[in-house]
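What follows is the content of data_0.cif (mmCIF, C-alpha atoms and all ligand atoms).
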data_data
loop_
_atom_site.label_atom_id
_atom_site.label_comp_id
_atom_site.auth_asym_id
_atom_site.auth_seq_id
_atom_site.Cartn_x
_atom_site.Cartn_y
_atom_site.Cartn_z
CA MET B 1 -10.30 -23.04 -5.93
CA ARG B 2 -6.86 -24.35 -5.05
CA ILE B 3 -4.71 -21.91 -3.08
CA LEU B 4 -1.05 -22.11 -4.11
CA ILE B 5 1.62 -22.01 -1.41
CA ILE B 6 3.98 -19.06 -1.66
CA HIS B 7 6.93 -17.74 0.32
CA ILE B 8 9.98 -15.53 -0.04
CA SER B 9 12.99 -17.84 0.15
CA ASN B 10 15.72 -15.23 -0.14
CA LEU B 11 16.01 -11.47 0.25
CA SER B 12 19.01 -9.49 -0.89
CA LEU B 13 19.60 -5.78 -0.42
CA ARG B 14 22.43 -3.59 -1.62
CA ASN B 15 22.78 0.03 -0.54
CA PHE B 16 19.16 0.15 0.51
CA ARG B 17 18.61 2.47 3.49
CA ASN B 18 20.85 1.19 6.33
CA TYR B 19 21.60 -2.13 4.57
CA GLN B 20 24.87 -2.17 2.68
CA ASN B 21 24.91 -5.77 1.73
CA LEU B 22 22.33 -8.24 2.95
CA ASP B 23 21.69 -11.69 1.60
CA ILE B 24 19.45 -13.82 3.73
CA ASN B 25 17.46 -17.01 3.31
CA LEU B 26 13.99 -17.05 4.79
CA PRO B 27 11.90 -20.09 5.65
CA ASP B 28 8.12 -20.26 5.26
CA LYS B 29 5.84 -19.78 8.31
CA VAL B 30 6.90 -17.29 10.96
CA THR B 31 10.11 -15.26 11.16
CA LEU B 32 10.63 -12.98 14.14
CA LEU B 33 13.02 -10.10 13.50
CA MET B 34 14.15 -8.67 16.81
CA GLY B 35 16.21 -5.59 17.51
CA ASN B 36 16.33 -2.19 19.13
CA ASN B 37 14.93 0.93 17.55
CA GLY B 38 16.77 2.34 14.58
CA GLN B 39 18.41 -0.95 13.55
CA GLY B 40 16.51 -1.49 10.29
CA LYS B 41 13.41 -3.54 11.16
CA SER B 42 10.97 -1.29 9.31
CA ASN B 43 13.42 -0.94 6.43
CA PHE B 44 13.45 -4.73 6.06
CA LEU B 45 9.67 -4.86 5.75
CA GLU B 46 9.65 -1.82 3.50
CA ALA B 47 11.96 -3.67 1.10
CA ILE B 48 9.58 -6.64 0.95
CA TYR B 49 6.63 -4.34 0.50
CA MET B 50 8.43 -2.59 -2.36
CA LEU B 51 8.90 -5.93 -4.07
CA SER B 52 5.09 -6.29 -3.93
CA VAL B 53 3.95 -2.92 -5.17
CA ALA B 54 7.09 -1.60 -6.94
CA LYS B 55 7.20 1.53 -4.80
CA SER B 56 7.77 2.63 -1.23
CA TYR B 57 4.70 2.61 1.02
CA ARG B 58 6.14 5.54 2.92
CA GLY B 59 5.93 7.55 -0.30
CA ASN B 60 9.65 8.29 -0.12
CA THR B 61 11.92 9.55 -2.84
CA GLU B 62 14.91 7.66 -4.21
CA ARG B 63 17.11 9.95 -2.17
CA ASP B 64 15.64 8.41 1.00
CA LEU B 65 15.85 4.81 -0.17
CA ILE B 66 19.42 4.72 -1.39
CA THR B 67 22.00 4.42 1.35
CA GLU B 68 23.35 7.77 2.44
CA GLY B 69 26.93 8.19 1.23
CA SER B 70 26.80 5.28 -1.21
CA VAL B 71 25.89 7.46 -4.14
CA ASN B 72 29.36 8.77 -4.83
CA GLY B 73 31.42 5.85 -5.94
CA LEU B 74 29.07 2.89 -5.54
CA SER B 75 26.24 4.35 -7.57
CA TYR B 76 23.74 1.58 -7.40
CA SER B 77 21.12 0.04 -5.14
CA LYS B 78 19.25 -3.19 -5.35
CA ILE B 79 16.24 -4.78 -3.68
CA ALA B 80 15.72 -8.38 -4.77
CA CYS B 81 14.04 -11.57 -3.65
CA ASP B 82 13.39 -15.11 -4.74
CA ILE B 83 9.84 -16.27 -4.34
CA GLN B 84 8.83 -19.87 -4.18
CA LEU B 85 5.37 -20.53 -5.62
CA GLN B 86 4.75 -24.23 -5.04
CA GLU B 87 7.87 -25.71 -6.73
CA LYS B 88 8.44 -22.76 -9.03
CA SER B 89 11.04 -20.14 -8.18
CA THR B 90 10.92 -16.55 -9.48
CA LYS B 91 13.40 -13.72 -9.00
CA LEU B 92 12.05 -10.19 -8.50
CA GLU B 93 14.46 -7.25 -8.65
CA ILE B 94 14.33 -3.48 -8.35
CA HIS B 95 17.55 -1.64 -9.23
CA TYR B 96 18.42 2.02 -8.93
CA GLN B 97 21.27 3.22 -11.11
CA CYS B 98 22.59 6.60 -10.01
CA GLU B 99 24.36 9.18 -12.14
CA PRO B 100 25.89 12.39 -10.77
CA PHE B 101 23.64 15.33 -11.65
CA ASP B 102 23.55 19.00 -10.88
CA ASN B 103 20.45 19.09 -8.64
CA LYS B 104 19.88 19.33 -4.90
CA ASP B 105 20.55 15.60 -4.38
CA GLY B 106 23.62 15.69 -6.59
CA PHE B 107 22.39 12.70 -8.57
CA VAL B 108 19.55 11.23 -10.58
CA ALA B 109 18.43 7.65 -10.07
CA GLN B 110 17.00 5.49 -12.79
CA LYS B 111 14.80 2.61 -11.72
CA PHE B 112 14.90 -0.80 -13.40
CA ILE B 113 12.47 -3.56 -12.62
CA LYS B 114 13.13 -7.17 -13.59
CA ILE B 115 11.44 -10.54 -13.32
CA ASN B 116 13.84 -13.47 -13.72
CA GLY B 117 16.39 -11.04 -15.16
CA ILE B 118 14.03 -9.71 -17.84
CA PRO B 119 13.18 -5.98 -17.71
CA LYS B 120 9.49 -5.33 -16.98
CA ARG B 121 7.16 -2.40 -16.48
CA ALA B 122 5.88 -1.69 -12.97
CA SER B 123 2.37 -2.70 -14.05
CA ASP B 124 3.64 -6.20 -14.97
CA PHE B 125 5.66 -6.46 -11.78
CA VAL B 126 2.88 -5.64 -9.31
CA GLY B 127 0.86 -8.72 -8.35
CA ASN B 128 3.67 -11.32 -8.40
CA LEU B 129 4.19 -11.06 -4.68
CA ASN B 130 1.39 -9.82 -2.50
CA SER B 131 1.84 -8.67 1.04
CA VAL B 132 -0.21 -7.01 3.74
CA LEU B 133 1.59 -4.67 6.06
CA PHE B 134 0.42 -3.81 9.56
CA SER B 135 2.21 -0.99 11.31
CA VAL B 136 1.32 1.86 13.61
CA ALA B 137 1.46 4.18 10.59
CA GLU B 138 -1.61 2.33 9.31
CA LEU B 139 -3.66 4.28 11.85
CA ASP B 140 -3.45 6.98 9.17
CA LEU B 141 -6.29 5.10 7.54
CA VAL B 142 -8.49 6.41 10.31
CA PHE B 143 -6.81 9.60 11.46
CA GLY B 144 -4.86 10.60 8.36
CA THR B 145 -5.76 12.70 5.34
CA PRO B 146 -8.08 11.63 2.50
CA SER B 147 -5.00 11.14 0.34
CA SER B 148 -3.71 8.37 2.60
CA ARG B 149 -7.03 6.54 2.26
CA ARG B 150 -7.07 7.02 -1.53
CA ARG B 151 -3.53 5.72 -1.66
CA TYR B 152 -4.59 2.67 0.33
CA LEU B 153 -7.44 1.84 -2.05
CA ASN B 154 -5.30 2.54 -5.12
CA ILE B 155 -2.50 0.24 -3.97
CA LEU B 156 -4.88 -2.55 -2.95
CA ILE B 157 -6.87 -2.49 -6.19
CA SER B 158 -3.72 -2.16 -8.34
CA GLN B 159 -2.47 -5.42 -6.87
CA ILE B 160 -5.50 -7.32 -8.10
CA ASP B 161 -6.52 -5.40 -11.22
CA LYS B 162 -3.97 -4.29 -13.82
CA ILE B 163 -6.61 -2.34 -15.78
CA TYR B 164 -7.31 -0.28 -12.69
CA LEU B 165 -3.63 0.63 -12.37
CA LYS B 166 -3.46 1.64 -16.03
CA ASN B 167 -6.66 3.70 -15.75
CA LEU B 168 -5.30 5.35 -12.61
CA LEU B 169 -2.04 6.39 -14.29
CA ASP B 170 -3.95 7.62 -17.37
CA PHE B 171 -6.39 9.54 -15.19
CA GLN B 172 -3.52 11.26 -13.34
CA LYS B 173 -2.02 12.36 -16.66
CA ILE B 174 -5.32 13.60 -18.08
CA ASN B 175 -6.16 15.41 -14.86
CA SER B 176 -2.85 17.24 -14.78
CA GLN B 177 -3.28 18.22 -18.44
CA ARG B 178 -6.77 19.46 -17.66
CA ASN B 179 -5.35 21.48 -14.76
CA SER B 180 -2.71 23.07 -17.00
CA LEU B 181 -5.45 24.06 -19.43
CA LEU B 182 -7.54 25.54 -16.58
CA LYS B 183 -4.60 27.78 -15.70
CA LEU B 184 -4.12 28.81 -19.33
CA ILE B 185 -7.81 29.76 -19.52
CA ARG B 186 -7.51 31.71 -16.28
CA GLU B 187 -4.63 33.68 -17.78
CA GLY B 188 -6.61 34.35 -20.95
CA ASN B 189 -4.36 32.18 -23.12
CA SER B 190 -6.95 29.49 -23.97
CA GLN B 191 -10.69 29.14 -24.50
CA ASP B 192 -13.28 27.42 -22.28
CA ASN B 193 -14.46 25.18 -25.10
CA GLU B 194 -11.06 23.47 -25.24
CA LEU B 195 -12.02 21.77 -21.96
CA SER B 196 -14.72 19.55 -23.51
CA TYR B 197 -12.20 17.03 -24.82
CA TRP B 198 -10.42 16.73 -21.46
CA ASP B 199 -13.74 16.58 -19.60
CA SER B 200 -14.91 13.55 -21.53
CA GLN B 201 -11.56 11.74 -21.26
CA SER B 202 -11.44 12.47 -17.58
CA ALA B 203 -15.08 11.44 -16.93
CA LYS B 204 -14.56 8.15 -18.76
CA LEU B 205 -11.56 7.12 -16.64
CA ALA B 206 -13.08 8.55 -13.46
CA THR B 207 -16.17 6.36 -13.97
CA ASP B 208 -14.09 3.19 -14.21
CA LEU B 209 -12.00 4.09 -11.16
CA ILE B 210 -14.96 5.04 -8.98
CA ILE B 211 -17.06 1.99 -9.82
CA LYS B 212 -14.15 -0.32 -9.04
CA ARG B 213 -13.33 1.48 -5.79
CA VAL B 214 -16.91 1.33 -4.55
CA GLU B 215 -17.05 -2.39 -5.38
CA ILE B 216 -13.80 -3.18 -3.52
CA LEU B 217 -14.73 -0.98 -0.58
CA GLU B 218 -18.01 -2.87 -0.26
CA ASN B 219 -16.05 -6.14 -0.18
CA LEU B 220 -13.66 -4.72 2.41
CA SER B 221 -16.59 -3.54 4.48
CA ASN B 222 -18.40 -6.90 4.35
CA LEU B 223 -15.27 -8.92 5.11
CA SER B 224 -13.97 -6.68 7.89
CA ASN B 225 -17.25 -6.46 9.79
CA PRO B 226 -17.30 -10.03 11.19
CA ILE B 227 -13.54 -9.90 11.95
CA HIS B 228 -14.04 -6.62 13.75
CA LYS B 229 -17.04 -8.00 15.66
CA GLU B 230 -14.90 -10.85 16.92
CA MET B 231 -12.06 -8.57 17.92
CA SER B 232 -14.38 -6.23 19.78
CA ASN B 233 -16.11 -9.15 21.54
CA LEU B 234 -19.25 -8.72 19.41
CA LYS B 235 -19.78 -5.26 20.80
CA GLU B 236 -19.13 -3.07 17.80
CA ASN B 237 -20.41 -2.83 14.28
CA MET B 238 -18.06 -1.53 11.60
CA TYR B 239 -18.62 -0.57 7.98
CA CYS B 240 -16.99 1.54 5.29
CA SER B 241 -18.58 3.89 2.84
CA TYR B 242 -17.24 5.79 -0.17
CA LEU B 243 -17.24 9.55 0.27
CA PRO B 244 -17.49 11.39 -3.05
CA SER B 245 -16.01 14.83 -3.64
CA THR B 246 -19.30 15.77 -5.29
CA LYS B 247 -22.25 16.74 -3.10
CA GLU B 248 -24.32 13.84 -4.37
CA ILE B 249 -23.22 10.20 -4.48
CA TYR B 250 -22.08 8.71 -7.78
CA PRO B 251 -24.62 6.57 -9.65
CA MET B 252 -23.28 3.02 -9.93
CA ASN B 253 -24.48 2.52 -13.48
CA PRO B 254 -21.48 3.31 -15.75
CA GLU B 255 -23.40 5.45 -18.26
CA LYS B 256 -25.21 7.38 -15.55
CA CYS B 257 -21.96 7.82 -13.64
CA PHE B 258 -20.24 9.18 -16.75
CA ASP B 259 -23.09 11.64 -17.38
CA PHE B 260 -23.09 12.67 -13.73
CA ILE B 261 -19.33 13.35 -13.63
CA SER B 262 -19.47 15.19 -16.97
CA SER B 263 -22.22 17.46 -15.68
CA GLN B 264 -20.36 18.04 -12.41
CA LEU B 265 -17.23 19.06 -14.32
CA ILE B 266 -19.30 21.60 -16.24
CA SER B 267 -21.12 22.99 -13.22
CA ASN B 268 -17.81 23.42 -11.35
CA ARG B 269 -16.03 24.84 -14.38
CA SER B 270 -15.80 28.52 -13.39
CA ARG B 271 -14.66 27.63 -9.89
CA ASP B 272 -12.05 25.22 -11.31
CA ILE B 273 -10.76 27.88 -13.74
CA SER B 274 -10.17 30.39 -10.96
CA ALA B 275 -8.55 27.71 -8.75
CA GLY B 276 -6.53 26.22 -11.61
CA THR B 277 -7.36 22.70 -10.41
CA THR B 278 -10.15 20.16 -10.83
CA SER B 279 -12.26 20.13 -7.68
CA ILE B 280 -14.24 16.93 -8.16
CA GLY B 281 -13.31 13.40 -9.15
CA PRO B 282 -11.57 10.28 -7.85
CA HIS B 283 -8.43 12.29 -7.01
CA ARG B 284 -10.50 14.17 -4.41
CA ASP B 285 -12.74 11.38 -3.11
CA ASP B 286 -12.36 9.70 0.25
CA PHE B 287 -13.91 6.92 2.28
CA GLN B 288 -15.25 6.74 5.80
CA ILE B 289 -14.95 4.01 8.37
CA PHE B 290 -17.93 3.89 10.69
CA ILE B 291 -17.90 2.22 14.09
CA ASN B 292 -21.37 1.90 15.59
CA ASP B 293 -22.56 4.45 13.03
CA LEU B 294 -20.03 7.07 14.12
CA ASP B 295 -17.37 8.32 11.71
CA SER B 296 -14.16 6.92 13.20
CA HIS B 297 -12.05 9.75 11.76
CA ARG B 298 -13.81 12.15 14.12
CA PHE B 299 -15.04 10.01 16.97
CA SER B 300 -12.98 6.91 17.55
CA SER B 301 -10.41 6.34 20.27
CA ARG B 302 -6.93 5.17 19.37
CA GLY B 303 -7.83 1.67 20.55
CA GLN B 304 -10.98 1.56 18.43
CA ALA B 305 -9.09 2.85 15.40
CA ARG B 306 -6.45 0.17 15.85
CA THR B 307 -9.07 -2.59 15.94
CA ALA B 308 -10.81 -1.19 12.86
CA VAL B 309 -7.53 -1.01 10.94
CA LEU B 310 -6.57 -4.55 11.96
CA ALA B 311 -9.95 -5.81 10.73
CA LEU B 312 -9.54 -3.90 7.46
CA LYS B 313 -6.07 -5.37 6.96
CA PHE B 314 -7.26 -8.94 7.49
CA ALA B 315 -10.11 -8.23 5.06
CA GLU B 316 -7.52 -6.93 2.60
CA ALA B 317 -5.54 -10.16 3.00
CA GLU B 318 -8.69 -12.15 2.21
CA ILE B 319 -9.39 -10.08 -0.92
CA LEU B 320 -5.81 -10.57 -2.13
CA LYS B 321 -6.02 -14.28 -1.41
CA ARG B 322 -9.28 -14.75 -3.32
CA SER B 323 -8.17 -12.85 -6.35
CA ARG B 324 -4.56 -14.08 -6.60
CA ASN B 325 -5.00 -17.68 -5.43
CA THR B 326 -2.14 -17.21 -3.00
CA THR B 327 -2.04 -16.00 0.58
CA PRO B 328 -0.26 -12.65 0.90
CA ILE B 329 2.90 -12.41 2.99
CA LEU B 330 2.00 -11.04 6.41
CA LEU B 331 4.25 -8.18 7.56
CA LEU B 332 3.77 -7.00 11.15
CA ASP B 333 5.89 -3.99 11.99
CA ASP B 334 6.45 -3.42 15.69
CA LEU B 335 2.75 -3.68 16.27
CA LEU B 336 2.66 -6.13 19.14
CA SER B 337 3.85 -3.70 21.79
CA GLU B 338 0.88 -1.49 20.87
CA LEU B 339 -1.61 -4.22 21.74
CA ASP B 340 -2.91 -5.68 24.97
CA LEU B 341 -2.21 -9.31 25.77
CA GLU B 342 -5.53 -10.66 24.48
CA ARG B 343 -5.31 -8.82 21.16
CA ARG B 344 -1.66 -9.81 20.81
CA GLU B 345 -2.52 -13.50 21.19
CA GLN B 346 -5.37 -13.07 18.71
CA ILE B 347 -3.05 -11.56 16.11
CA LEU B 348 -0.31 -14.15 16.64
CA ASP B 349 -2.96 -16.89 16.29
CA MET B 350 -3.96 -15.42 12.94
CA THR B 351 -0.43 -15.93 11.59
CA THR B 352 -1.33 -19.61 11.16
CA MET B 353 -3.59 -18.56 8.28
CA PHE B 354 -0.59 -17.24 6.34
CA ASP B 355 2.09 -19.17 4.45
CA GLN B 356 4.74 -16.72 5.60
CA SER B 357 4.78 -13.99 8.23
CA ILE B 358 7.58 -11.61 9.11
CA ILE B 359 7.09 -10.01 12.49
CA THR B 360 9.39 -7.32 13.85
CA THR B 361 9.65 -6.30 17.46
CA ALA B 362 11.81 -4.21 19.74
CA GLU B 363 10.33 -6.07 22.71
CA PRO B 364 10.86 -9.82 22.17
CA GLU B 365 10.04 -10.45 25.82
CA ILE B 366 6.33 -9.82 25.20
CA ILE B 367 6.13 -12.80 22.83
CA SER B 368 5.48 -16.16 24.42
CA GLN B 369 8.26 -18.74 24.49
CA SER B 370 6.04 -21.32 22.78
CA PHE B 371 5.47 -18.96 19.84
CA LYS B 372 9.20 -18.26 19.65
CA ASN B 373 9.95 -21.98 19.66
CA GLN B 374 7.94 -22.38 16.47
CA SER B 375 9.52 -19.38 14.75
CA ASN B 376 12.67 -18.57 12.84
CA LEU B 377 14.45 -16.10 15.13
CA LEU B 378 16.60 -13.33 13.68
CA GLU B 379 18.42 -10.53 15.42
CA ILE B 380 19.24 -7.21 13.79
CA ASN B 381 22.01 -4.79 14.61
CA HIS B 382 22.77 -1.76 12.41
CA GLY B 383 21.52 -3.42 9.25
CA GLU B 384 23.33 -6.71 9.96
CA ILE B 385 21.12 -9.73 10.58
CA SER B 386 22.13 -12.85 12.44
CA GLU B 387 20.34 -15.96 13.62
CA LYS B 388 19.37 -16.00 17.24
CA LYS B 389 19.36 -19.13 19.33
CA THR B 390 16.61 -19.38 21.94
N1 LIG U 1 18.94 6.31 2.98
C1 LIG U 1 19.45 5.90 4.14
N2 LIG U 1 20.80 5.73 4.27
C2 LIG U 1 21.33 5.28 5.44
N3 LIG U 1 20.62 5.01 6.53
C3 LIG U 1 19.28 5.17 6.46
C4 LIG U 1 18.63 5.61 5.27
N4 LIG U 1 17.30 5.67 5.51
C5 LIG U 1 17.13 5.28 6.80
N5 LIG U 1 18.32 4.99 7.37
C6 LIG U 1 18.58 4.56 8.76
O1 LIG U 1 17.79 3.43 9.07
C7 LIG U 1 17.56 3.44 10.46
C8 LIG U 1 16.09 3.26 10.77
O2 LIG U 1 15.70 2.05 10.31
P1 LIG U 1 14.27 1.49 10.69
O3 LIG U 1 14.10 0.31 9.83
O4 LIG U 1 13.23 2.53 10.66
O5 LIG U 1 14.55 1.05 12.20
P2 LIG U 1 13.64 0.23 13.19
O6 LIG U 1 12.39 -0.11 12.50
O7 LIG U 1 14.47 -0.97 13.55
O8 LIG U 1 13.45 1.13 14.36
C9 LIG U 1 17.97 4.76 11.01
O9 LIG U 1 19.15 4.58 11.72
C10 LIG U 1 18.17 5.59 9.77
O10 LIG U 1 19.16 6.55 9.95
MG MG U 2 10.44 0.55 12.93
#

Output the structure of this file as structure tokens.
Ligand SMILES: Nc1ncnc2c1ncn2[C@@H]1O[C@H](COP(=O)(O)OP(=O)(O)O)[C@@H](O)[C@H]1O
Ligand SMILES: [Mg+2]
Amino acid sequence: MRILIIHISNLSLRNFRNYQNLDINLPDKVTLLMGNNGQGKSNFLEAIYMLSVAKSYRGNTERDLITEGSVNGLSYSKIACDIQLQEKSTKLEIHYQCEPFDNKDGFVAQKFIKINGIPKRASDFVGNLNSVLFSVAELDLVFGTPSSRRRYLNILISQIDKIYLKNLLDFQKINSQRNSLLKLIREGNSQDNELSYWDSQSAKLATDLIIKRVEILENLSNLSNPIHKEMSNLKENMYCSYLPSTKEIYPMNPEKCFDFISSQLISNRSRDISAGTTSIGPHRDDFQIFINDLDSHRFSSRGQARTAVLALKFAEAEILKRSRNTTPILLLDDLLSELDLERREQILDMTTMFDQSIITTAEPEIISQSFKNQSNLLEINHGEISEKKT
């Protein structure tokens, strides 16, 4: 398998968070973006991440993304980049067109996605540019809620499997229709037997989602274990396991899984009717990260969690690389100051495995001069970026 070389050669932002008008060329290999807190380092990486997955990783609304105060008058925002895949150049764009509207934000934003100027759906956009983001917020994978872990799996799998993304969106629709029907039944305005149709639609999609998630999680687990071993000096053993919302685990045979979910939906029916929501299924599942057989969510220290998340992220990069034939862009957000010297060197060494890395830091002094000498150095001040001479 030949891995194709990819990098972002230009990024341009208009009215995106604290960037009014940015147009910057980026080389391959390492770029260090240095600046104090609140200058726009995370926003810069967020923009690149959005160009990968067509939405904000922080789960923000348009109101948050569009520059405060730009809505009246300017009325549009843009996040765009040129990617260079071997010799081929492709332009990726996300536009928000705002119209005044009588709601709490005072406007509505319409999102347009384009590849080389041609309008596309999000599902066709995702996968053109892959990136892996490491930030302190990623500790949510260990300490956060089940929804942050589901979101992680959903975004990862969507980048490599378009059918998964379609099934996920369909499942969300079916599940919310099923929930509306549950409420109608609770209020005496519909009959129980109307649920059968939604149950079978839901079980069909749920089966596909769950089987894919378990498969990818197993890959993540197998790939992250040796990386984690190395990072913990061979002391610790890490693995991940899928945690179903049902009491029993899902059978991995598709027909058996479908039958199992269907029967679970029926046995939970009366409870679901009184709650008005569906209590079992992929929208309620979770996964666990074990370190030396202990559930890290409950038992790990901050340091252990950080190592586990780093290992998971490098495993994620490997999965993206194998399935897309390109190395993802490495995005490191202010992570280095969180790490001790040895771990920091380890992480910076790993950047050599990537075609392009963008590393932000508020503490440039902790990065060695030799590493800086090999990097493209940028300085950021209030959303304005300039080149920095060493
Ligand atoms: N929609 C927005 N409009 C204008 N400024 C914003 C918007 N969203 C965030 N910001 C500003 O961006 C800055 C934070 O940027 P961030 O990238 O998180 O900084 P850093 O990572 O360098 O600490 C803050 O000053 C914040 O007020
Ligand atoms: Mg930041």

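Excluding segment 303-314 of chain B itself and same-chain residues fewer than 4 positions from it, the residues having an atom within 6 Å of it are Ser224, Ile227 and His228 of chain B, counting only C-alpha atoms.
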
Could you list, as a PDB file with C-alpha atoms, in the frame of the given file, all protein and nucleic acid residues with an atom at most 10 Å from ligand MG 2 (chain U), counting only C-alpha atoms and all ligand atoms?
ATOM      1  CA  GLY B  35      16.210  -5.590  17.510  1.00  0.00           C
ATOM      2  CA  ASN B  36      16.330  -2.190  19.130  1.00  0.00           C
ATOM      3  CA  ASN B  37      14.930   0.930  17.550  1.00  0.00           C
ATOM      4  CA  GLY B  38      16.770   2.340  14.580  1.00  0.00           C
ATOM      5  CA  GLN B  39      18.410  -0.950  13.550  1.00  0.00           C
ATOM      6  CA  GLY B  40      16.510  -1.490  10.290  1.00  0.00           C
ATOM      7  CA  LYS B  41      13.410  -3.540  11.160  1.00  0.00           C
ATOM      8  CA  SER B  42      10.970  -1.290   9.310  1.00  0.00           C
ATOM      9  CA  ASN B  43      13.420  -0.940   6.430  1.00  0.00           C
ATOM     10  CA  PHE B  44      13.450  -4.730   6.060  1.00  0.00           C
ATOM     11  CA  LEU B  45       9.670  -4.860   5.750  1.00  0.00           C
ATOM     12  CA  GLU B  46       9.650  -1.820   3.500  1.00  0.00           C
ATOM     13  CA  SER B 135       2.210  -0.990  11.310  1.00  0.00           C
ATOM     14  CA  VAL B 136       1.320   1.860  13.610  1.00  0.00           C
ATOM     15  CA  ALA B 137       1.460   4.180  10.590  1.00  0.00           C
ATOM     16  CA  ASP B 333       5.890  -3.990  11.990  1.00  0.00           C
ATOM     17  CA  ASP B 334       6.450  -3.420  15.690  1.00  0.00           C
ATOM     18  CA  LEU B 335       2.750  -3.680  16.270  1.00  0.00           C
ATOM     19  CA  THR B 360       9.390  -7.320  13.850  1.00  0.00           C
ATOM     20  CA  THR B 361       9.650  -6.300  17.460  1.00  0.00           C
ATOM     21  CA  ALA B 362      11.810  -4.210  19.740  1.00  0.00           C
TER      22      ALA B 362
END

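Of the residues listed (B:Gly383, B:Arg213, B:Phe287, B:Thr90), B:Gly383 shows the shortest atom-to-atom separation from Phe16 of chain B; distances use all atoms listed in the file.
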
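All protein and nucleic acid residues in the vicinity of (16.0, -16.9, 18.9), that is within 10 Å when counting all atoms listed in the file, are Thr31, Leu32, Leu33, Met34, Pro364, Gln369, Lys372, Asn373, Ser375, Asn376, Leu377, Leu378, Glu379, Ser386, Glu387, Lys388, Lys389 and Thr390 of chain B.
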
Written selection (C-alpha atoms) as a CSV table (one decimal), keeping the file's coordinate frame:
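After the write, part34.csv holds the following:
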chain,number,residue,atom,x,y,z
B,31,THR,CA,10.1,-15.3,11.2
B,32,LEU,CA,10.6,-13.0,14.1
B,33,LEU,CA,13.0,-10.1,13.5
B,34,MET,CA,14.2,-8.7,16.8
B,364,PRO,CA,10.9,-9.8,22.2
B,369,GLN,CA,8.3,-18.7,24.5
B,372,LYS,CA,9.2,-18.3,19.6
B,373,ASN,CA,10.0,-22.0,19.7
B,375,SER,CA,9.5,-19.4,14.8
B,376,ASN,CA,12.7,-18.6,12.8
B,377,LEU,CA,14.4,-16.1,15.1
B,378,LEU,CA,16.6,-13.3,13.7
B,379,GLU,CA,18.4,-10.5,15.4
B,386,SER,CA,22.1,-12.8,12.4
B,387,GLU,CA,20.3,-16.0,13.6
B,388,LYS,CA,19.4,-16.0,17.2
B,389,LYS,CA,19.4,-19.1,19.3
B,390,THR,CA,16.6,-19.4,21.9

Output, as JSON, the centre and edge lengths in Å (one decimal) of the axis-aligned box that contains all listed atoms of ligand LIG 1 (chain U) with 5 Å of margin on each side.
{"center_x": 16.9, "center_y": 2.8, "center_z": 8.7, "size_x": 18.9, "size_y": 17.5, "size_z": 21.4}

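Take atom CA of Arg186 of chain B and atom CA of Asn268 of chain B: the distance between them is 14.1 Å.
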
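Minimum atom-to-atom distance to Ile163 of chain B, evaluated using only C-alpha atoms, belongs to B:Ser123 out of B:Ser176, B:Ser123, B:Thr145, B:Ser368.
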
Original post:
Which is closer to ligand LIG 1 (chain U) than all the others in B:Ser77, B:Asn381, B:Thr67, B:Asn222, using all atoms listed in the file?
Top reply: B:Thr67

Subject >> Shell of 8 Å around Leu217 of chain B, only C-alpha atoms, local chain residues under 3 positions omitted, as a list in words >> reply: Leu153, Arg213, Val214, Leu220, Ser221, Cys240, Ser241 and Tyr242 of chain B

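Residue nearest Glu316 of chain B within the list B:Leu330, B:Ile6, B:Ser370, B:Glu255: B:Leu330 [criterion: smallest interatomic distance, all atoms listed in the file].
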
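Distance annotation: of B:Lys166, B:Arg63, B:Lys88, B:Lys55, the residue with the minimal separation from ligand LIG 1 (chain U) is B:Arg63; atom set is only C-alpha atoms and all ligand atoms.
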
Can you fill out segment 171-178 of chain B with N, CA and C atoms and hand it back as an mmCIF file, in the coordinates of the input?
data_model
loop_
_atom_site.group_PDB
_atom_site.id
_atom_site.type_symbol
_atom_site.label_atom_id
_atom_site.label_comp_id
_atom_site.auth_asym_id
_atom_site.auth_seq_id
_atom_site.Cartn_x
_atom_site.Cartn_y
_atom_site.Cartn_z
ATOM 1 N N PHE B 171 -5.557 8.487 -15.789
ATOM 2 C CA PHE B 171 -6.390 9.540 -15.190
ATOM 3 C C PHE B 171 -5.501 10.652 -14.624
ATOM 4 N N GLN B 172 -4.406 10.251 -13.933
ATOM 5 C CA GLN B 172 -3.520 11.260 -13.340
ATOM 6 C C GLN B 172 -2.917 12.170 -14.412
ATOM 7 N N LYS B 173 -2.568 11.558 -15.543
ATOM 8 C CA LYS B 173 -2.020 12.360 -16.660
ATOM 9 C C LYS B 173 -3.058 13.326 -17.208
ATOM 10 N N ILE B 174 -4.255 12.782 -17.499
ATOM 11 C CA ILE B 174 -5.320 13.600 -18.080
ATOM 12 C C ILE B 174 -5.689 14.732 -17.118
ATOM 13 N N ASN B 175 -5.761 14.406 -15.834
ATOM 14 C CA ASN B 175 -6.160 15.410 -14.860
ATOM 15 C C ASN B 175 -5.118 16.527 -14.781
ATOM 16 N N SER B 176 -3.846 16.157 -14.883
ATOM 17 C CA SER B 176 -2.850 17.240 -14.780
ATOM 18 C C SER B 176 -2.840 18.068 -16.072
ATOM 19 N N GLN B 177 -3.170 17.424 -17.217
ATOM 20 C CA GLN B 177 -3.280 18.220 -18.440
ATOM 21 C C GLN B 177 -4.485 19.156 -18.382
ATOM 22 N N ARG B 178 -5.579 18.620 -17.805
ATOM 23 C CA ARG B 178 -6.770 19.460 -17.660
ATOM 24 C C ARG B 178 -6.460 20.657 -16.748
#
